[in-house]
Amino acid sequence: MVSVRDHYENHLAPYYAWICGGVEYSLKENRNFFKAHNIQPLDTGRAFDLGAGCGFQSIPLAEMGFSVVAMDLSARLLGELKNNAPHLPIARICDDISNFSIYVRGNIDLVVCMGDTLTHLADLEKAAALMQQAYAALVPGGHLILSFRDLTQALVGLDRFIPVRSSDTTIFTCFLEYEKNTVQVHDIVYQKKKGQWALHKSAYRKLIISPEWTRNHLQQAGFNIEFYNENNGLIFIIARKY
């Protein structure tokens, strides 16, 4: 079992954009989401993207007029972000998102933590602290947007094997092992080169976070929940600071 950082840097990063449907597909999805919910600069025009990866959220936000700070543990994915949007106002910080308040200088309009990033935190205490830090950093009327996978309903037997994506040269499968508070995620990749298939594998832990726990702790932090939706096991929440 390796750390989240090592799992992404040494295994997942080269495949990440591909298993998410490709860069352009993911950018379009997030452009549509932000537009549908009227997300736009309010006061400072500053936004933090926590777990930014290769820019699926950062790039649309910068296109909409935000000055974005993109944080991620993976230097490789942040490098892809730079290549995907070399001329947009996006600063990149390679660090644990738990430390994001260290980099906040003055108030910000928006914090996003999407793409299942929240479940990469070590424990629920860190998740609750992140919500509190976001609330403290936001201007009145500012938003925190979360999306994460609901892992509270344990899969059993063969259902724990999840085919993620495949092509003529790459097969990506995920296998899940459920524990009390976490899930061991095994990312298994077969890649074909020069007619031969090679196996690459790595595993790390994700935190189990229930939607109800998240809603309660957002409200305890002071947020008002303006939007809540579940789509194929993914939870989407837009919370506003009043």
# chains A, B, ... in the order shown; residues from 1 in each chain; ligands from 1
call {"tool": "residues_around", "arguments": {"residues": "region 93-101 of chain A", "least_positions_apart": "5", "cutoff": "12 Å", "atoms": "only C-alpha atoms", "output": "ChimeraX atom specification"}}
result
/A:3-5,9,47-53,68-79,81-82,106-108,111-114,117-138
call {"tool": "closest_atom_pairs", "arguments": {"of": "region 52-152 of chain A", "to": "region 226-240 of chain A", "cutoff": "6 Å", "atoms": "only C-alpha atoms", "output": "tab-separated table"}}
result
residue	atom	partner	partner_atom	distance
A:Gly141	CA	A:Arg240	CA	6.0
A:Gly142	CA	A:Arg240	CA	5.7
A:His143	CA	A:Arg240	CA	4.5
A:Leu144	CA	A:Ala239	CA	5.2
A:Ile145	CA	A:Ile238	CA	4.6
A:Leu146	CA	A:Ile237	CA	5.2
A:Ser147	CA	A:Phe236	CA	4.5
A:Phe148	CA	A:Ile235	CA	5.3
A:Arg149	CA	A:Leu234	CA	4.4
A:Asp150	CA	A:Gly233	CA	5.6
call {"tool": "write_last_selection", "arguments": {"atoms": "N, CA and C atoms", "output": "compact mmCIF listing (two decimals), in the first residue's frame"}}
result
# COMPACT_ATOMS: atom_id res chain seq x y z
N GLY A 141 -20.94 35.42 0.38
CA GLY A 141 -21.52 35.09 -0.92
C GLY A 141 -20.67 34.14 -1.73
N GLY A 142 -19.45 33.84 -1.25
CA GLY A 142 -18.57 32.92 -1.95
C GLY A 142 -19.04 31.47 -1.84
N HIS A 143 -18.54 30.64 -2.73
CA HIS A 143 -19.01 29.25 -2.82
C HIS A 143 -17.89 28.24 -2.57
N LEU A 144 -18.28 27.13 -1.99
CA LEU A 144 -17.47 25.91 -1.94
C LEU A 144 -18.21 24.85 -2.75
N ILE A 145 -17.53 24.28 -3.74
CA ILE A 145 -18.14 23.25 -4.58
C ILE A 145 -17.39 21.94 -4.35
N LEU A 146 -18.14 20.91 -4.00
CA LEU A 146 -17.57 19.58 -3.75
C LEU A 146 -18.17 18.56 -4.70
N SER A 147 -17.37 17.63 -5.13
CA SER A 147 -17.91 16.40 -5.72
C SER A 147 -17.04 15.25 -5.24
N PHE A 148 -17.69 14.16 -4.88
CA PHE A 148 -16.95 12.99 -4.38
C PHE A 148 -17.82 11.75 -4.55
N ARG A 149 -17.16 10.61 -4.52
CA ARG A 149 -17.88 9.35 -4.70
C ARG A 149 -18.39 8.85 -3.35
N ASP A 150 -19.65 8.45 -3.32
CA ASP A 150 -20.27 7.88 -2.13
C ASP A 150 -19.85 6.41 -2.03
call {"tool": "closest_residue", "arguments": {"among": "A:Pro211, A:Pro163, A:Gly55, A:Gly115", "to": "Tyr190 (chain A)", "atoms": "only C-alpha atoms"}}
result
A:Pro163
call {"tool": "select_by_dssp", "arguments": {"residues": "region 38-240 of chain A", "states": "strand (DSSP E)", "output": "VMD selection string"}}
result
chain A and resid 46 to 50 67 to 72 90 to 94 108 to 113 138 to 149 161 to 166 170 to 178 182 to 193 196 to 207 223 to 231 234 to 240
call {"tool": "select_by_dssp", "arguments": {"residues": "chain A", "states": "helix (DSSP H, G or I)", "output": "mmCIF file with C-alpha atoms, in the first residue's frame"}}
result
data_model
loop_
_atom_site.group_PDB
_atom_site.id
_atom_site.type_symbol
_atom_site.label_atom_id
_atom_site.label_comp_id
_atom_site.auth_asym_id
_atom_site.auth_seq_id
_atom_site.Cartn_x
_atom_site.Cartn_y
_atom_site.Cartn_z
ATOM 1 C CA VAL A 4 -1.803 8.938 -2.424
ATOM 2 C CA ARG A 5 1.099 11.009 -3.741
ATOM 3 C CA ASP A 6 3.148 7.973 -4.744
ATOM 4 C CA HIS A 7 0.150 6.236 -6.294
ATOM 5 C CA TYR A 8 -0.538 9.167 -8.593
ATOM 6 C CA GLU A 9 3.054 10.098 -9.366
ATOM 7 C CA ASN A 10 4.316 6.589 -10.034
ATOM 8 C CA HIS A 11 1.237 4.860 -11.422
ATOM 9 C CA LEU A 12 -1.991 6.716 -12.134
ATOM 10 C CA ALA A 13 -0.903 10.072 -13.586
ATOM 11 C CA PRO A 14 -0.095 8.843 -17.131
ATOM 12 C CA TYR A 15 -3.592 7.353 -17.461
ATOM 13 C CA TYR A 16 -5.634 9.849 -15.460
ATOM 14 C CA ALA A 17 -6.959 12.108 -18.225
ATOM 15 C CA TRP A 18 -7.684 9.085 -20.419
ATOM 16 C CA ILE A 19 -9.714 7.163 -17.806
ATOM 17 C CA VAL A 23 -9.159 16.280 -21.477
ATOM 18 C CA GLU A 24 -11.635 17.892 -23.862
ATOM 19 C CA TYR A 25 -14.545 15.775 -22.628
ATOM 20 C CA SER A 26 -13.841 16.641 -18.984
ATOM 21 C CA LEU A 27 -13.336 20.336 -19.744
ATOM 22 C CA LYS A 28 -16.688 20.444 -21.539
ATOM 23 C CA GLU A 29 -18.443 18.706 -18.639
ATOM 24 C CA ASN A 30 -17.129 21.238 -16.131
ATOM 25 C CA ARG A 31 -17.761 24.248 -18.376
ATOM 26 C CA ASN A 32 -21.377 23.138 -18.612
ATOM 27 C CA PHE A 33 -21.627 22.531 -14.851
ATOM 28 C CA PHE A 34 -20.238 25.936 -13.872
ATOM 29 C CA LYS A 35 -22.375 27.701 -16.474
ATOM 30 C CA ALA A 36 -25.540 25.887 -15.375
ATOM 31 C CA SER A 58 -9.056 25.125 -13.206
ATOM 32 C CA ILE A 59 -9.134 25.726 -16.952
ATOM 33 C CA PRO A 60 -12.898 26.434 -17.239
ATOM 34 C CA LEU A 61 -12.729 28.701 -14.183
ATOM 35 C CA ALA A 62 -9.817 30.674 -15.647
ATOM 36 C CA GLU A 63 -11.699 30.956 -18.944
ATOM 37 C CA ALA A 75 3.699 17.328 -9.947
ATOM 38 C CA ARG A 76 3.141 15.274 -13.107
ATOM 39 C CA LEU A 77 -0.536 16.205 -13.312
ATOM 40 C CA LEU A 78 0.217 19.857 -12.585
ATOM 41 C CA GLY A 79 2.733 19.696 -15.425
ATOM 42 C CA GLU A 80 -0.049 18.465 -17.711
ATOM 43 C CA LEU A 81 -2.197 21.381 -16.526
ATOM 44 C CA LYS A 82 0.532 23.811 -17.546
ATOM 45 C CA ASN A 83 0.730 22.204 -20.990
ATOM 46 C CA ASN A 84 -3.050 22.220 -21.381
ATOM 47 C CA ILE A 97 -4.729 20.235 -0.022
ATOM 48 C CA SER A 98 -4.958 20.127 3.785
ATOM 49 C CA ASN A 99 -2.400 22.934 3.717
ATOM 50 C CA PHE A 100 -4.332 25.186 1.371
ATOM 51 C CA SER A 101 -5.051 27.874 3.978
ATOM 52 C CA ILE A 102 -1.290 28.510 4.191
ATOM 53 C CA TYR A 103 -1.386 29.860 0.637
ATOM 54 C CA THR A 117 -10.496 14.587 -4.220
ATOM 55 C CA LEU A 118 -12.179 14.831 -0.807
ATOM 56 C CA THR A 119 -11.912 11.049 -0.296
ATOM 57 C CA HIS A 120 -8.126 11.267 -0.671
ATOM 58 C CA LEU A 124 -12.841 12.786 8.551
ATOM 59 C CA GLU A 125 -11.203 15.311 10.868
ATOM 60 C CA LYS A 126 -9.147 16.614 7.938
ATOM 61 C CA ALA A 127 -12.252 16.770 5.749
ATOM 62 C CA ALA A 128 -14.119 18.787 8.387
ATOM 63 C CA ALA A 129 -11.120 21.081 8.852
ATOM 64 C CA LEU A 130 -10.972 21.686 5.108
ATOM 65 C CA MET A 131 -14.597 22.853 5.114
ATOM 66 C CA GLN A 132 -13.908 25.195 8.022
ATOM 67 C CA GLN A 133 -10.801 26.609 6.317
ATOM 68 C CA ALA A 134 -12.752 27.163 3.113
ATOM 69 C CA TYR A 135 -15.482 29.022 4.992
ATOM 70 C CA ALA A 136 -12.923 31.270 6.692
ATOM 71 C CA ALA A 137 -11.205 32.070 3.371
ATOM 72 C CA GLY A 157 -18.036 -10.390 -4.465
ATOM 73 C CA LEU A 158 -17.349 -9.881 -8.140
ATOM 74 C CA ASP A 159 -19.023 -6.465 -8.093
ATOM 75 C CA ARG A 160 -15.793 -5.180 -6.514
ATOM 76 C CA PRO A 211 -23.275 12.511 1.988
ATOM 77 C CA GLU A 212 -25.208 13.136 5.214
ATOM 78 C CA TRP A 213 -22.007 13.650 7.218
ATOM 79 C CA THR A 214 -20.804 16.115 4.599
ATOM 80 C CA ARG A 215 -24.019 18.115 4.606
ATOM 81 C CA ASN A 216 -24.059 18.284 8.405
ATOM 82 C CA HIS A 217 -20.466 19.470 8.652
ATOM 83 C CA LEU A 218 -20.909 22.050 5.919
ATOM 84 C CA GLN A 219 -23.830 23.507 7.846
ATOM 85 C CA GLN A 220 -21.880 23.369 11.113
ATOM 86 C CA ALA A 221 -19.097 25.329 9.407
#
call {"tool": "atom_distance", "arguments": {"atom1": "CA of Leu88 (chain A)", "atom2": "CA of Ile39 (chain A)"}}
result
17.9 Å
call {"tool": "atom_distance", "arguments": {"atom1": "CA of Leu151 (chain A)", "atom2": "CA of Ile209 (chain A)"}}
result
6.9 Å
call {"tool": "atom_distance", "arguments": {"atom1": "CA of Gln191 (chain A)", "atom2": "CA of Gly22 (chain A)"}}
result
17.6 Å
call {"tool": "closest_residue", "arguments": {"among": "A:Tyr178, A:Met64, A:Gly21, A:Ala85", "to": "Arg165 (chain A)", "atoms": "only C-alpha atoms"}}
result
A:Gly21
call {"tool": "residues_around", "arguments": {"residues": "Val183 (chain A)", "least_positions_apart": "2", "cutoff": "7 Å", "atoms": "only C-alpha atoms", "output": "ChimeraX atom specification"}}
result
/A:176-179,185,205-208
call {"tool": "decode", "arguments": {"residues": "region 107-156 of chain A", "atoms": "C-alpha atoms", "output": "mmCIF file, in the first residue's frame"}}
result
data_model
loop_
_atom_site.group_PDB
_atom_site.id
_atom_site.type_symbol
_atom_site.label_atom_id
_atom_site.label_comp_id
_atom_site.auth_asym_id
_atom_site.auth_seq_id
_atom_site.Cartn_x
_atom_site.Cartn_y
_atom_site.Cartn_z
ATOM 1 C CA ASN A 107 -10.241 36.461 0.801
ATOM 2 C CA ILE A 108 -11.295 34.420 -2.216
ATOM 3 C CA ASP A 109 -14.505 34.029 -4.182
ATOM 4 C CA LEU A 110 -14.520 30.293 -4.763
ATOM 5 C CA VAL A 111 -13.101 26.994 -3.537
ATOM 6 C CA VAL A 112 -13.637 23.841 -5.575
ATOM 7 C CA CYS A 113 -12.679 20.338 -4.455
ATOM 8 C CA MET A 114 -14.037 18.051 -7.137
ATOM 9 C CA GLY A 115 -13.356 14.785 -8.934
ATOM 10 C CA ASP A 116 -13.411 12.658 -5.753
ATOM 11 C CA THR A 117 -10.496 14.587 -4.220
ATOM 12 C CA LEU A 118 -12.179 14.831 -0.807
ATOM 13 C CA THR A 119 -11.912 11.049 -0.296
ATOM 14 C CA HIS A 120 -8.126 11.267 -0.671
ATOM 15 C CA LEU A 121 -7.826 12.964 2.731
ATOM 16 C CA ALA A 122 -6.484 10.886 5.601
ATOM 17 C CA ASP A 123 -9.526 11.065 7.896
ATOM 18 C CA LEU A 124 -12.841 12.786 8.551
ATOM 19 C CA GLU A 125 -11.203 15.311 10.868
ATOM 20 C CA LYS A 126 -9.147 16.614 7.938
ATOM 21 C CA ALA A 127 -12.252 16.770 5.749
ATOM 22 C CA ALA A 128 -14.119 18.787 8.387
ATOM 23 C CA ALA A 129 -11.120 21.081 8.852
ATOM 24 C CA LEU A 130 -10.972 21.686 5.108
ATOM 25 C CA MET A 131 -14.597 22.853 5.114
ATOM 26 C CA GLN A 132 -13.908 25.195 8.022
ATOM 27 C CA GLN A 133 -10.801 26.609 6.317
ATOM 28 C CA ALA A 134 -12.752 27.163 3.113
ATOM 29 C CA TYR A 135 -15.482 29.022 4.992
ATOM 30 C CA ALA A 136 -12.923 31.270 6.692
ATOM 31 C CA ALA A 137 -11.205 32.070 3.371
ATOM 32 C CA LEU A 138 -14.313 32.892 1.333
ATOM 33 C CA VAL A 139 -15.871 36.316 0.879
ATOM 34 C CA PRO A 140 -19.540 36.655 1.917
ATOM 35 C CA GLY A 141 -21.517 35.089 -0.924
ATOM 36 C CA GLY A 142 -18.566 32.918 -1.948
ATOM 37 C CA HIS A 143 -19.008 29.251 -2.816
ATOM 38 C CA LEU A 144 -17.468 25.908 -1.940
ATOM 39 C CA ILE A 145 -18.144 23.245 -4.583
ATOM 40 C CA LEU A 146 -17.574 19.581 -3.750
ATOM 41 C CA SER A 147 -17.909 16.402 -5.718
ATOM 42 C CA PHE A 148 -16.951 12.992 -4.379
ATOM 43 C CA ARG A 149 -17.879 9.351 -4.696
ATOM 44 C CA ASP A 150 -20.267 7.875 -2.127
ATOM 45 C CA LEU A 151 -18.456 4.747 -0.903
ATOM 46 C CA THR A 152 -20.786 4.035 2.020
ATOM 47 C CA GLN A 153 -22.521 1.105 0.299
ATOM 48 C CA ALA A 154 -19.928 -1.645 0.127
ATOM 49 C CA LEU A 155 -19.755 -3.710 -3.021
ATOM 50 C CA VAL A 156 -19.388 -7.458 -2.525
#
